[in-house]
Every structure is written in C-alpha cells, then in structure tokens.
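Enquirer: Here you go, this is my_file.txt (compact mmCIF, C-alpha atoms).
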```
# COMPACT_ATOMS: atom_id res chain seq x y z
CA MET A 5 23.73 6.05 26.41
CA SER A 6 20.67 6.23 28.56
CA ASP A 7 17.83 3.81 28.00
CA VAL A 8 15.40 6.52 27.00
CA ILE A 9 17.54 7.99 24.23
CA LYS A 10 18.44 4.51 22.99
CA ASN A 11 14.81 3.56 22.76
CA ILE A 12 13.81 6.76 21.00
CA ILE A 13 16.45 6.13 18.33
CA ARG A 14 15.37 2.50 18.05
CA PHE A 15 11.73 3.60 17.72
CA SER A 16 12.35 5.68 14.62
CA LEU A 17 14.89 3.26 13.14
CA PHE A 18 12.57 0.26 13.36
CA ILE A 19 9.67 2.21 11.84
CA LEU A 20 11.79 3.54 8.97
CA ILE A 21 13.33 0.14 8.24
CA GLN A 22 9.91 -1.50 8.25
CA VAL A 23 8.30 1.10 6.00
CA TYR A 24 11.09 1.89 3.56
CA ILE A 25 12.95 -1.41 3.33
CA LEU A 26 10.82 -4.36 4.35
CA PHE A 27 7.54 -3.11 2.87
CA GLN A 28 9.34 -2.25 -0.39
CA ILE A 29 10.58 -5.79 -1.02
CA PRO A 30 8.74 -7.32 -3.98
CA PRO A 31 6.29 -9.85 -2.55
CA LEU A 32 7.22 -13.53 -2.73
CA HIS A 33 3.71 -14.68 -2.05
CA ARG A 34 0.65 -13.01 -0.63
CA PHE A 35 1.02 -14.96 2.64
CA ILE A 36 4.52 -13.71 3.26
CA VAL A 37 4.81 -10.19 4.64
CA PRO A 38 8.15 -9.46 6.30
CA TYR A 39 7.31 -7.95 9.68
CA LEU A 40 10.16 -7.02 11.97
CA TYR A 41 9.06 -3.75 13.57
CA TYR A 42 7.48 -5.28 16.70
CA LEU A 43 10.92 -6.46 17.83
CA TYR A 44 11.16 -2.99 19.34
CA ILE A 45 8.55 -3.95 21.93
CA LEU A 46 10.33 -7.23 22.68
CA TRP A 47 13.54 -5.29 23.32
CA MET A 48 12.06 -2.77 25.75
CA PRO A 49 13.77 -2.77 29.18
CA PHE A 50 12.55 -5.03 31.99
CA ASN A 51 11.84 -2.17 34.33
CA THR A 52 9.22 -0.45 32.15
CA PRO A 53 5.91 -0.35 34.06
CA ARG A 54 3.05 -2.24 32.43
CA LEU A 55 1.01 0.88 31.74
CA GLY A 56 3.99 2.59 30.12
CA LEU A 57 4.72 -0.48 28.04
CA THR A 58 1.14 -0.80 26.82
CA LEU A 59 0.96 2.90 25.96
CA THR A 60 4.28 2.74 24.11
CA GLY A 61 2.96 -0.25 22.20
CA PHE A 62 -0.11 1.68 21.19
CA VAL A 63 1.78 4.80 20.07
CA TYR A 64 4.35 2.66 18.26
CA GLY A 65 1.73 0.67 16.36
CA LEU A 66 -0.19 3.81 15.48
CA THR A 67 2.95 5.42 14.06
CA LEU A 68 3.38 2.50 11.68
CA ASP A 69 -0.33 2.65 10.88
CA TYR A 70 -0.05 6.21 9.67
CA PHE A 71 2.54 5.09 7.17
CA THR A 72 0.47 2.18 5.88
CA LYS A 73 -2.80 4.19 6.11
CA THR A 74 -4.52 1.58 8.29
CA PRO A 75 -5.25 3.42 11.55
CA GLY A 76 -5.69 0.91 14.36
CA LEU A 77 -4.57 -2.31 12.71
CA HIS A 78 -0.97 -2.53 13.87
CA ALA A 79 -1.77 -0.46 16.95
CA ALA A 80 -4.15 -3.15 18.19
CA ALA A 81 -1.66 -5.96 17.71
CA CYS A 82 1.19 -4.00 19.30
CA THR A 83 -0.90 -3.00 22.31
CA LEU A 84 -1.82 -6.63 22.82
CA ILE A 85 1.73 -7.97 22.81
CA ALA A 86 2.95 -5.07 24.95
CA TYR A 87 0.29 -5.96 27.52
CA VAL A 88 1.01 -9.69 27.45
CA ARG A 89 4.78 -9.26 27.58
CA PRO A 90 5.24 -8.77 31.38
CA PHE A 91 3.25 -11.95 32.17
CA LEU A 92 5.39 -13.92 29.78
CA VAL A 93 8.64 -12.49 31.15
CA ASN A 94 7.62 -13.45 34.69
CA LEU A 95 6.91 -16.99 33.57
CA LEU A 96 10.06 -17.45 31.55
CA ILE A 97 12.96 -15.95 33.51
CA SER A 98 14.98 -18.81 34.85
CA GLN A 99 15.99 -17.55 38.25
CA GLN A 100 15.16 -14.81 40.68
CA GLY A 101 16.62 -11.44 39.92
CA VAL A 102 17.35 -11.70 36.22
CA ASP A 103 15.07 -8.76 35.62
CA GLN A 104 17.11 -6.75 38.12
CA ASN A 105 20.53 -7.94 36.99
CA TYR A 106 19.99 -7.29 33.31
CA ARG A 107 18.47 -4.37 31.47
CA SER A 108 16.31 -5.96 28.80
CA PRO A 109 15.28 -9.35 27.42
CA SER A 110 17.92 -11.02 25.27
CA ALA A 111 19.52 -14.39 24.72
CA THR A 112 22.27 -13.60 27.25
CA SER A 113 19.99 -12.32 29.98
CA MET A 114 17.28 -14.96 29.74
CA GLY A 115 19.12 -17.90 28.16
CA TRP A 116 18.62 -19.14 24.63
CA ALA A 117 15.67 -21.45 25.20
CA PRO A 118 13.49 -19.11 27.29
CA TYR A 119 14.30 -16.18 25.00
CA ALA A 120 13.36 -18.19 21.90
CA THR A 121 10.09 -19.22 23.53
CA TYR A 122 9.41 -15.61 24.46
CA VAL A 123 10.00 -14.43 20.88
CA VAL A 124 8.00 -17.22 19.26
CA ILE A 125 4.96 -16.81 21.52
CA LEU A 126 4.79 -13.04 21.11
CA THR A 127 5.32 -13.33 17.34
CA VAL A 128 2.49 -15.82 17.02
CA ILE A 129 0.17 -13.66 19.16
CA HIS A 130 1.03 -10.54 17.15
CA HIS A 131 0.50 -12.12 13.75
CA THR A 132 -2.59 -14.07 14.73
CA TYR A 133 -4.28 -10.93 15.99
CA LEU A 134 -3.12 -8.83 13.03
CA VAL A 135 -4.27 -11.30 10.40
CA PHE A 136 -7.46 -11.98 12.34
CA LEU A 137 -8.38 -8.30 12.06
CA GLU A 138 -7.66 -8.46 8.33
CA TRP A 139 -9.64 -11.65 7.99
CA LEU A 140 -12.71 -9.96 9.48
CA GLN A 141 -12.62 -7.62 6.52
CA PHE A 142 -11.97 -10.11 3.71
CA GLY A 143 -10.37 -13.43 2.92
CA SER A 144 -11.13 -17.05 3.71
CA PHE A 145 -10.12 -19.33 6.55
CA TRP A 146 -7.17 -20.66 4.53
CA PHE A 147 -6.03 -17.11 3.98
CA PHE A 148 -5.99 -16.66 7.75
CA ILE A 149 -4.08 -19.88 8.57
CA GLY A 150 -1.71 -19.53 5.64
CA LYS A 151 -0.86 -15.92 6.31
CA VAL A 152 -0.28 -16.47 10.03
CA LEU A 153 2.11 -19.35 9.30
CA GLY A 154 3.86 -17.58 6.43
CA THR A 155 4.42 -14.28 8.17
CA THR A 156 5.44 -16.00 11.42
CA ALA A 157 8.08 -18.04 9.62
CA ILE A 158 9.56 -15.06 7.79
CA SER A 159 9.44 -12.87 10.93
CA LEU A 160 11.26 -15.47 13.02
CA LEU A 161 13.92 -15.74 10.35
CA LEU A 162 14.33 -11.97 10.27
CA ILE A 163 14.53 -11.78 14.07
CA LEU A 164 17.19 -14.49 14.13
CA VAL A 165 19.24 -12.60 11.56
CA THR A 166 18.82 -9.35 13.49
CA GLU A 167 19.83 -10.96 16.78
CA LEU A 168 22.97 -12.40 15.20
CA LEU A 169 23.91 -9.21 13.35
CA PHE A 170 23.23 -6.77 16.16
CA PHE A 171 24.36 -8.68 19.20
CA ARG A 172 23.38 -6.66 22.23
CA LYS A 173 26.00 -6.70 24.93
CA GLN A 174 24.38 -7.02 28.31
CA LYS A 175 26.23 -6.04 31.43
CA PHE A 176 25.57 -8.02 34.58
CA ARG A 177 24.47 -5.46 37.12
CA THR A 178 24.74 -5.97 40.84
CA ASN A 179 23.63 -3.89 43.78
CA THR A 180 27.20 -2.98 44.64
CA ALA A 181 28.02 -1.52 41.25
CA MET B 10 -5.36 11.57 9.85
CA ARG B 11 -4.90 14.77 7.90
CA VAL B 12 -1.92 15.91 9.96
CA ALA B 13 -0.46 12.41 9.93
CA ASN B 14 -0.82 12.44 6.16
CA GLU B 15 1.18 15.59 5.82
CA PHE B 16 3.82 14.28 8.22
CA THR B 17 4.33 10.85 6.67
CA GLY B 18 4.11 12.45 3.25
CA ARG B 19 7.04 14.70 4.03
CA ILE B 20 9.20 11.83 5.27
CA SER B 21 8.30 9.82 2.19
CA TYR B 22 9.16 12.76 -0.01
CA ARG B 23 12.65 12.95 1.50
CA TYR B 24 13.15 9.24 1.06
CA ASP B 25 11.81 9.28 -2.47
CA ASN B 26 14.24 12.03 -3.44
CA VAL B 27 17.03 9.51 -2.95
CA GLU B 28 15.27 6.50 -4.39
CA TYR B 29 14.05 8.37 -7.46
CA TYR B 30 17.62 8.72 -8.69
CA PHE B 31 17.89 4.96 -9.18
CA ARG B 32 14.73 4.78 -11.23
CA LEU B 33 15.39 7.74 -13.50
CA LYS B 34 16.25 5.54 -16.46
CA LYS B 35 13.03 3.57 -16.32
CA ALA B 36 10.90 6.67 -15.77
CA ASN B 37 12.59 8.31 -18.75
CA ASP B 38 11.87 5.35 -21.03
CA GLN B 39 8.25 5.35 -19.98
CA LEU B 40 7.81 9.07 -20.62
CA THR B 41 9.54 8.90 -24.00
CA LYS B 42 7.21 6.12 -25.05
CA GLU B 43 4.19 8.14 -23.99
CA ASN B 44 5.53 11.12 -25.95
CA GLU B 45 5.87 8.92 -29.00
CA ILE B 46 2.24 7.85 -28.77
CA LEU B 47 1.07 11.44 -28.36
CA LYS B 48 3.21 12.67 -31.25
CA ASN B 49 1.73 10.02 -33.51
CA GLN B 50 -1.68 11.46 -32.82
CA LEU B 51 -0.81 14.95 -34.05
CA PRO B 52 -2.94 16.11 -37.00
CA THR B 53 0.17 17.09 -38.96
CA ASN B 54 1.05 13.42 -39.34
CA PHE B 55 -1.84 12.84 -41.69
CA PHE B 56 -2.15 14.16 -45.16
CA ASN B 57 -5.50 14.95 -46.62
CA GLN B 58 -6.47 12.98 -49.70
CA ASP B 59 -9.33 15.24 -50.53
CA THR B 60 -7.63 18.25 -52.02
CA GLY B 61 -10.81 20.30 -51.95
CA ALA B 62 -10.99 20.23 -48.19
CA ILE B 63 -8.54 22.27 -46.20
CA ALA B 64 -7.79 20.95 -42.77
CA ILE B 65 -8.87 23.66 -40.38
CA LYS B 66 -8.23 23.13 -36.74
CA ASP B 67 -11.42 24.11 -35.00
CA SER B 68 -10.46 26.23 -32.06
CA ILE B 69 -13.75 25.95 -30.19
CA PRO B 70 -13.33 22.45 -28.70
CA TYR B 71 -9.92 23.50 -27.42
CA ASP B 72 -11.29 26.69 -26.00
CA THR B 73 -9.62 27.89 -22.86
CA VAL B 74 -12.66 29.35 -21.14
CA GLY B 75 -13.34 25.85 -19.96
CA THR B 76 -17.02 25.56 -20.74
CA LEU B 77 -16.50 22.62 -23.06
CA ARG B 78 -13.85 20.87 -21.08
CA THR B 79 -14.80 17.71 -19.19
CA TYR B 80 -11.47 16.40 -17.97
CA LEU B 81 -8.54 18.27 -16.51
CA TRP B 82 -5.21 16.49 -16.06
CA ARG B 83 -2.58 17.28 -13.45
CA GLU B 84 0.73 15.52 -13.19
CA ALA B 85 1.98 14.33 -9.79
CA LYS B 86 5.02 12.61 -8.38
CA VAL B 87 4.59 9.36 -6.48
CA VAL B 88 6.41 9.56 -3.14
CA ASN B 89 5.26 6.39 -1.45
CA ASN B 90 3.87 3.17 -2.81
CA SER B 91 3.44 -0.39 -1.66
CA VAL B 92 2.45 -3.57 -3.47
CA ASN B 93 2.86 -6.33 -0.92
CA LEU B 94 0.03 -5.58 1.51
CA GLN B 95 -3.60 -6.54 1.08
CA ASN B 96 -4.69 -2.92 1.05
CA ASN B 97 -2.17 -0.84 -0.84
CA TYR B 98 -2.07 2.93 -0.89
CA ILE B 99 -0.02 5.40 -2.89
CA THR B 100 1.01 8.83 -1.65
CA ILE B 101 1.44 11.55 -4.27
CA HIS B 102 3.11 14.92 -3.87
CA ARG B 103 0.17 17.12 -4.83
CA GLY B 104 -2.62 18.09 -2.49
CA GLU B 105 -5.48 20.47 -1.93
CA LYS B 106 -3.34 23.54 -2.49
CA GLN B 107 -2.49 22.17 -5.93
CA GLY B 108 -6.05 21.28 -6.82
CA VAL B 109 -6.39 17.62 -5.89
CA ARG B 110 -9.66 16.65 -4.21
CA LYS B 111 -11.22 13.43 -2.97
CA ASP B 112 -12.62 11.04 -5.59
CA MET B 113 -10.48 11.96 -8.54
CA GLY B 114 -9.05 9.31 -10.82
CA VAL B 115 -5.32 8.59 -11.06
CA VAL B 116 -3.65 7.13 -14.14
CA SER B 117 -0.08 6.31 -15.10
CA PRO B 118 1.41 6.57 -18.61
CA SER B 119 0.46 2.95 -19.21
CA GLY B 120 -2.87 2.51 -17.46
CA VAL B 121 -5.21 3.07 -14.54
CA VAL B 122 -3.72 3.44 -11.04
CA GLY B 123 -6.57 4.17 -8.64
CA ARG B 124 -8.62 6.92 -7.02
CA VAL B 125 -7.86 9.70 -4.53
CA ILE B 126 -9.37 8.98 -1.13
CA ASN B 127 -7.73 11.43 1.24
CA THR B 128 -5.96 14.75 0.87
CA SER B 129 -3.91 17.16 2.94
CA ASP B 130 -2.36 20.51 2.00
CA ASN B 131 0.49 19.18 -0.14
CA PHE B 132 -0.10 15.44 -0.36
CA ALA B 133 -2.86 13.10 -1.39
CA VAL B 134 -3.43 9.42 -0.65
CA VAL B 135 -4.57 7.24 -3.52
CA MET B 136 -6.35 3.93 -3.13
CA SER B 137 -4.38 1.75 -5.49
CA MET B 138 -6.08 -0.67 -7.86
CA LEU B 139 -4.30 -3.23 -5.66
CA HIS B 140 -6.72 -2.73 -2.77
CA ARG B 141 -9.28 -5.23 -1.56
CA SER B 142 -12.14 -2.72 -1.75
CA SER B 143 -11.12 -1.15 -5.04
CA SER B 144 -13.52 -1.60 -7.93
CA ILE B 145 -13.06 -0.07 -11.35
CA GLN B 146 -15.73 0.12 -14.03
CA VAL B 147 -14.47 -1.30 -17.30
CA LYS B 148 -15.50 -2.56 -20.70
CA ILE B 149 -14.00 -4.95 -23.20
CA LYS B 150 -12.50 -2.72 -25.86
CA LYS B 151 -13.40 -4.96 -28.78
CA THR B 152 -17.05 -5.69 -28.04
CA GLY B 153 -18.06 -3.11 -25.44
CA GLU B 154 -19.39 -5.41 -22.67
CA THR B 155 -19.14 -3.60 -19.36
CA GLY B 156 -18.15 -4.99 -15.99
CA SER B 157 -15.97 -4.23 -13.02
CA VAL B 158 -12.44 -5.13 -12.04
CA GLN B 159 -11.30 -6.13 -8.54
CA TRP B 160 -8.10 -7.32 -6.99
CA ASP B 161 -8.02 -10.69 -5.24
CA GLY B 162 -4.92 -9.87 -3.20
CA GLU B 163 -2.83 -12.64 -4.71
CA ASN B 164 -0.40 -11.14 -7.16
CA PRO B 165 0.25 -7.43 -7.81
CA ASP B 166 0.60 -8.18 -11.53
CA TYR B 167 -2.93 -9.47 -11.99
CA VAL B 168 -6.48 -8.26 -11.35
CA THR B 169 -9.78 -10.05 -11.91
CA MET B 170 -12.85 -9.27 -14.00
CA ASN B 171 -15.95 -11.31 -13.16
CA ASN B 172 -19.26 -12.02 -14.90
CA VAL B 173 -18.30 -11.79 -18.54
CA PRO B 174 -21.05 -13.58 -20.51
CA LYS B 175 -19.83 -16.64 -22.39
CA SER B 176 -21.43 -15.34 -25.57
CA VAL B 177 -18.74 -12.69 -25.81
CA PRO B 178 -15.92 -13.65 -28.16
CA ILE B 179 -12.88 -13.09 -25.99
CA ALA B 180 -9.26 -14.03 -26.51
CA VAL B 181 -6.05 -13.83 -24.56
CA GLY B 182 -4.44 -10.44 -25.16
CA ASP B 183 -7.66 -8.44 -25.52
CA SER B 184 -7.61 -5.00 -23.94
CA ILE B 185 -9.87 -4.08 -21.06
CA VAL B 186 -10.37 -0.32 -20.80
CA THR B 187 -12.32 2.08 -18.59
CA ASN B 188 -15.93 2.47 -19.68
CA GLN B 189 -18.16 5.38 -20.50
CA LEU B 190 -20.25 5.10 -17.34
CA SER B 191 -17.50 5.83 -14.87
CA THR B 192 -17.35 9.38 -13.54
CA LEU B 193 -13.75 8.88 -12.41
CA PHE B 194 -11.93 8.31 -15.69
CA PRO B 195 -12.40 9.29 -19.30
CA GLN B 196 -13.37 6.23 -21.30
CA GLY B 197 -10.79 4.13 -23.08
CA ILE B 198 -7.91 4.15 -20.60
CA LEU B 199 -6.20 0.79 -20.41
CA VAL B 200 -6.82 -1.20 -17.23
CA GLY B 201 -5.24 -4.46 -18.29
CA THR B 202 -4.95 -7.11 -20.96
CA VAL B 203 -6.53 -10.56 -20.71
CA ALA B 204 -3.92 -13.06 -19.53
CA LYS B 205 -6.12 -16.04 -18.74
CA ILE B 206 -9.73 -16.96 -19.37
CA ILE B 207 -11.18 -19.08 -16.58
CA ASN B 208 -14.10 -21.11 -17.82
CA ASN B 209 -16.35 -22.03 -14.91
CA LYS B 210 -18.58 -24.86 -16.11
CA ALA B 211 -21.20 -24.19 -13.44
CA THR B 212 -22.15 -20.73 -14.67
CA ASN B 213 -22.67 -18.89 -17.89
CA PHE B 214 -19.88 -16.46 -17.17
CA TYR B 215 -16.16 -16.29 -17.67
CA THR B 216 -13.75 -14.97 -15.08
CA LEU B 217 -10.89 -13.07 -16.66
CA ARG B 218 -7.42 -12.68 -15.19
CA LEU B 219 -5.97 -9.41 -16.40
CA LYS B 220 -2.35 -8.35 -16.53
CA THR B 221 -2.40 -4.79 -15.23
CA GLY B 222 -1.47 -2.09 -17.71
CA THR B 223 0.34 -0.16 -15.00
CA ASN B 224 3.49 -1.63 -13.55
CA PHE B 225 2.90 -0.94 -9.86
CA TYR B 226 6.45 -1.86 -8.89
CA THR B 227 8.04 1.07 -10.72
CA LEU B 228 5.44 3.79 -10.40
CA GLU B 229 7.08 7.23 -10.62
CA HIS B 230 4.87 9.77 -12.38
CA VAL B 231 1.10 9.71 -12.42
CA THR B 232 -1.62 12.01 -13.68
CA VAL B 233 -4.63 13.02 -11.62
CA VAL B 234 -7.80 13.32 -13.70
CA GLU B 235 -10.48 15.71 -12.61
CA ASN B 236 -13.95 15.33 -14.07
CA LEU B 237 -15.22 18.90 -14.16
CA GLN B 238 -18.81 17.89 -14.81
CA LYS B 239 -19.02 15.26 -12.13
CA ASP B 240 -20.67 17.46 -9.51
CA GLU B 241 -23.29 18.56 -11.99
CA GLN B 242 -24.01 14.96 -12.97
CA ASN B 243 -24.19 13.78 -9.37
CA LYS B 244 -26.47 16.65 -8.42
CA LEU B 245 -28.86 15.89 -11.23
CA GLU B 246 -28.94 12.19 -10.42
CA GLU B 247 -29.45 12.92 -6.73
CA ALA B 248 -32.30 15.34 -7.47
CA THR B 249 -33.99 12.79 -9.72
CA ARG B 250 -33.77 10.13 -7.06
CA LYS B 251 -35.29 12.45 -4.47
CA SER B 252 -38.16 13.58 -6.65
CA GLN B 253 -39.38 10.04 -7.23
```
Please render this file's structure as structure tokens.
Expert:
Amino acid sequence: MSDVIKNIIRFSLFILIQVYILFQIPPLHRFIVPYLYYLYILWMPFNTPRLGLTLTGFVYGLTLDYFTKTPGLHAAACTLIAYVRPFLVNLLISQQGVDQNYRSPSATSMGWAPYATYVVILTVIHHTYLVFLEWLQFGSFWFFIGKVLGTTAISLLLILVTELLFFRKQKFRTNTA
Amino acid sequence: MRVANEFTGRISYRYDNVEYYFRLKKANDQLTKENEILKNQLPTNFFNQDTGAIAIKDSIPYDTVGTLRTYLWREAKVVNNSVNLQNNYITIHRGEKQGVRKDMGVVSPSGVVGRVINTSDNFAVVMSMLHRSSSIQVKIKKTGETGSVQWDGENPDYVTMNNVPKSVPIAVGDSIVTNQLSTLFPQGILVGTVAKIINNKATNFYTLRLKTGTNFYTLEHVTVVENLQKDEQNKLEEATRKSQ
C-alpha cells in the first residue's frame, strides 16, 4: 500500500477512535484526558517536507476541533509538534541514513531509546501547549501542572499499548533495491 | 463552522444509530417514568369534593392559535455528547429546518441540560451545563432564593451554586430549580439536588454542591424549549435601556 493511502486511512481512523472511543470513556479524574490522536503526526514518514508536515498537522488538528467544537485548540498544538518534529528527528537518529533506509519513525528504525525520547518530548510539548491554551481561559496553576502530568502519563501508556498491539514492520531499504 | 457542524453531525448520527441500540433499555425506563409523572397530573385523577361545582376544562388557555402560549417544546435526539472535557458540547439531531434557533433552552426528562449555541440545517450544538462558561439562573425550590449555577470542571455529576445567604434554611436533598427570571427555561425545572453544603467561615454565604438532575452519561432524548415571548421581552428591555 502506498504511503499516501495508508496515511489517509490512518487519518480518519485516529480521529474516529479519539472522538468515539477515547472521548466517550467515563472520566477518571478531571486531570486525565486520554489523548492518542496526535500519534498520527509522530508516525508520518521521514521524507515529508516540513511545510507539508506542518500543514497536515494543522488540518489534522482542525478536523478534531470540529468534533469537539473548539476551533483552533488542537490545531495549534498539532501544528506546533508537526513543526518541531523534523528538528527532533535530526537530533535523535543514531546514524547517518536512517531516514533514508526506513520509511517512518518507529522503535525498529530509530532504536528503542531514541524513539522513546522522541515520543516523550513531543507528547510533553503537545500537552503543555494544549493545556496552556485552556489555562488562559480558566483554571489555576495547579490545574495546569496537574493536567499536563496526568494527560501525559495516560497518553504515554496508550502509545505504549498501541505500539505493542500494532507493531509496524519496517523494511530496511537500500539504494540497490 | 456551520458546514463543519453539519458534517460532524452526520458522522455522529451514523455512529449514534449503532450506539443507541445498547442504551434502549435505559432510555425506555426514563421515558416510562416521565410518562408516569405526566399521567399523575391529569385532571381525571382528582375527584371533586364540592358536588355543586362541575369541573369544566377551560379551553382558552390551551388554545391552539398560540396567542397565550409562552413555551413551545420540541423533542430531539442526542447524537453526540461528551462529559470528560472542560468544555462539553452536545449535538442534537434537529436544526434550523426543524425550528431550533440559537439561545433556546434544552432539558432532559430529569432536568436541565443546557442551551443551544449554534445551529445548522439539520443539527444543533448545545452548550452543556458541564461547560466552564455555562451559567444557569436558579432558585431554591423551598424558599425561593435566587442564584446561579456553574460547573467547576471537576466531576460531571456535580455543579456548584455560590452565594447562598446563611440565613436561608437549607438541607441536604433540597431541590434547586430554574427560576422565574430566566428567559431560557420555564420556571421550576429541576437543575440539581443539594449534595453538600460548604460552610465558608470567612463569608456570610454558603457554597452548595449540587448533584445534577440530568444524568449526562446516558443522555438520549432531550426537549428543546422555545420561549415565544422572549423576543418581545428583550425588545422592550432594550428600548427601555436606550430611552434612559
């Protein structure tokens, strides 16, 4: 399956799962909101140009926003992590050529430790920015800190589960193939 | 936003068609209970002790021309609802083509739900009572003290009522209902019952924690209330303000 079709299917699947499954779970606590949807941006292929990535991030976030009726909230956070992502990938890939040899970021292509760092940093950036925008509207400082920590913890758990359940096979590509 | 509303509304409607099946039992129970309450209010249930008076049902207040009617009720199906965000919205399957406009009240069989804030052709978005900027005008049913109810974002089961004077005799379990000053709802619709009275020693006011009358987790059918005299009232108040 080509990358484009795969990503289009992923786009709608992630949005639908976020809106109709994760947002429907009865809340454990007000600090814990299960966010998983932004994993789509983390899974985008290496060879996406930065402008394309940022634009996709914006459109993706806005799509979710129209479901939650908060135009701009998730779009802002998604655009931010989509923009930051290429810098982080450049810093974290272990050796030259990983971004050419593999299609997209994963534990196999980057190695467990760099991939975990990549996920954690982008998760923290996403949630901090998202909750910060909420905090501007209402809430106290403890609301901000608590919600960032709570949502980050639950998101990381969800991502771990997703990575283990849907293991993405990554072919090693060479120039000769 | 309007187009997006229609689009997400349609997807939600499809999804809800499936999910609704699993909640049929609960929705049925709720509607039967409401029917029971309404049937108990029928005039035929009461016998007249005064034999000289014949109970005549006056037809004028029920007149269909509509000149005496203040509130018009329209049922609607909930197609999307959330409780775990800080600002929760509800999408209902009834829009402008079916007579729903902005700023109408929405109630469920067991209490207040929220107000309509956005509409498209076939769908409307309701700001749930579980929204950080929602504020509903209420009174204590027993004594009549008015106030307003907000949500603090903590627990979808509870809302807060501030500034209740300590002179008011209040007890756990008292009903808080919509008041006569609100243009959104008819008076006397249940908002919640007092679950906890917080006594702040620094002020002369109680803060009340209310258990919501509506169960927001299992919302299926709601009724949209239209106040037919609202425009007239607003116009008059606006004109008075301008003339001073």
Enquirer: Give as JSON, numbers by chain every residue of chain B that touches chain A within 8 Å, counting all atoms listed in the file.
Expert: {"B": [10, 13, 14, 17, 91, 92, 93, 94, 95, 97, 98, 141, 162, 163, 164, 226]}
Enquirer: For a quick check of your reading of the model, name the residues lying within 9 Å of the coordinate (-1.3, 1.5, 16.6), counting all atoms listed in the file, and write them as a ChimeraX atom specification.
Expert: /A:61-70,74-83
Enquirer: Which distance in Å separates CA of Val8 (chain A) and CA of Tyr39 (chain A), to one decimal?
Expert: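 Atom-to-atom, CA of Val8 (chain A) and CA of Tyr39 (chain A) are spaced 24.0 Å apart.
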Enquirer: So, counting only C-alpha atoms, which residue among B:Val134, B:Ile126, B:Val115, B:Leu193 is closest to Gln238 (chain B)?
Expert: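 Result for the nearest residue to Gln238 (chain B): B:Leu193.
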Enquirer: Any idea what the distance is between CA of Glu84 (chain B) and CA of Val231 (chain B)?
Expert: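 Between CA of Glu84 (chain B) and CA of Val231 (chain B) the gap is 5.9 Å.
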Enquirer: Looking at B:His102, B:Arg83, B:Arg32, B:Lys244, which one is nearest to Ile20 (chain B), with distances taken over only C-alpha atoms?
Expert: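 For Ile20 (chain B), the nearest of the candidates is B:His102.
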Enquirer: List as a list in words the protein and nucleic acid residues near region 115-121 of chain A, meaning an atom at most 8 Å away when all atoms listed in the file are counted, but skip any in the same chain fewer than 5 places from it.
Expert: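 The filter keeps Leu96, Ile97, Ser98, Pro109 and Ser110 of chain A.
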Enquirer: Using Å and a single decimal, report how far CA of Asn96 (chain B) sits from CA of Asp240 (chain B).
Expert: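 According to the coordinates, CA of Asp240 (chain B) and CA of Asn96 (chain B) are separated by 28.0 Å.
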Enquirer: Excluding Gln242 (chain B) and its own-chain neighbours fewer than 4 positions away, which residues fall within 12 Å of it when counting only C-alpha atoms? Please give them as number ranges by chain.
Expert: B: 79, 190-193, 236-238, 246-249
Enquirer: Got a sec: who's within 10 Å of Pro174 (chain B), counting only C-alpha atoms, leaving out chain neighbours fewer than 6 positions off, as a PyMOL selection string?
Expert: chain B and resi 154+212-216
Enquirer: Got a sec: who's within 12 Å of Asn171 (chain B), counting all atoms listed in the file, leaving out chain neighbours fewer than 5 positions off, as a PDB file with C-alpha atoms, keeping the file's coordinate frame?
Expert:
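Written output follows (selection_1.pdb):
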```pdb
ATOM      1  CA  SER B 144     -13.520  -1.600  -7.930  1.00  0.00           C
ATOM      2  CA  ILE B 145     -13.060  -0.070 -11.350  1.00  0.00           C
ATOM      3  CA  GLN B 146     -15.730   0.120 -14.030  1.00  0.00           C
ATOM      4  CA  VAL B 147     -14.470  -1.300 -17.300  1.00  0.00           C
ATOM      5  CA  LYS B 148     -15.500  -2.560 -20.700  1.00  0.00           C
ATOM      6  CA  GLU B 154     -19.390  -5.410 -22.670  1.00  0.00           C
ATOM      7  CA  THR B 155     -19.140  -3.600 -19.360  1.00  0.00           C
ATOM      8  CA  GLY B 156     -18.150  -4.990 -15.990  1.00  0.00           C
ATOM      9  CA  SER B 157     -15.970  -4.230 -13.020  1.00  0.00           C
ATOM     10  CA  VAL B 158     -12.440  -5.130 -12.040  1.00  0.00           C
ATOM     11  CA  GLN B 159     -11.300  -6.130  -8.540  1.00  0.00           C
ATOM     12  CA  TRP B 160      -8.100  -7.320  -6.990  1.00  0.00           C
ATOM     13  CA  ASP B 161      -8.020 -10.690  -5.240  1.00  0.00           C
ATOM     14  CA  ILE B 206      -9.730 -16.960 -19.370  1.00  0.00           C
ATOM     15  CA  ILE B 207     -11.180 -19.080 -16.580  1.00  0.00           C
ATOM     16  CA  ASN B 208     -14.100 -21.110 -17.820  1.00  0.00           C
ATOM     17  CA  ASN B 209     -16.350 -22.030 -14.910  1.00  0.00           C
ATOM     18  CA  THR B 212     -22.150 -20.730 -14.670  1.00  0.00           C
ATOM     19  CA  ASN B 213     -22.670 -18.890 -17.890  1.00  0.00           C
ATOM     20  CA  PHE B 214     -19.880 -16.460 -17.170  1.00  0.00           C
ATOM     21  CA  TYR B 215     -16.160 -16.290 -17.670  1.00  0.00           C
ATOM     22  CA  THR B 216     -13.750 -14.970 -15.080  1.00  0.00           C
ATOM     23  CA  LEU B 217     -10.890 -13.070 -16.660  1.00  0.00           C
ATOM     24  CA  ARG B 218      -7.420 -12.680 -15.190  1.00  0.00           C
ATOM     25  CA  LEU B 219      -5.970  -9.410 -16.400  1.00  0.00           C
TER      26      LEU B 219
END
```
Enquirer: Select all residues near (19.1, -5.2, 22.3) (cut-off 10 Å, inclusive, file coordinates), counting all atoms listed in the file, and output them as a PyMOL selection string.
Expert: chain A and resi 10-11+14+43-44+46-49+107-111+166-167+170-174
Enquirer: What are the centre and edge lengths in Å, to one decimal, of the axis-aligned box around all listed atoms of region 171-174 of chain A with 3 Å added on each side, as JSON?
Expert:
```
{"center_x": 24.7, "center_y": -7.7, "center_z": 23.8, "size_x": 8.6, "size_y": 8.0, "size_z": 15.1}
```
Enquirer: Set the distance at 9 Å and use all atoms listed in the file: which residues neighbour Ser184 (chain B) once local chain neighbours fewer than 5 positions away are removed? I'd like the list as number ranges by chain.
Expert: B: 148-151, 199-203, 219
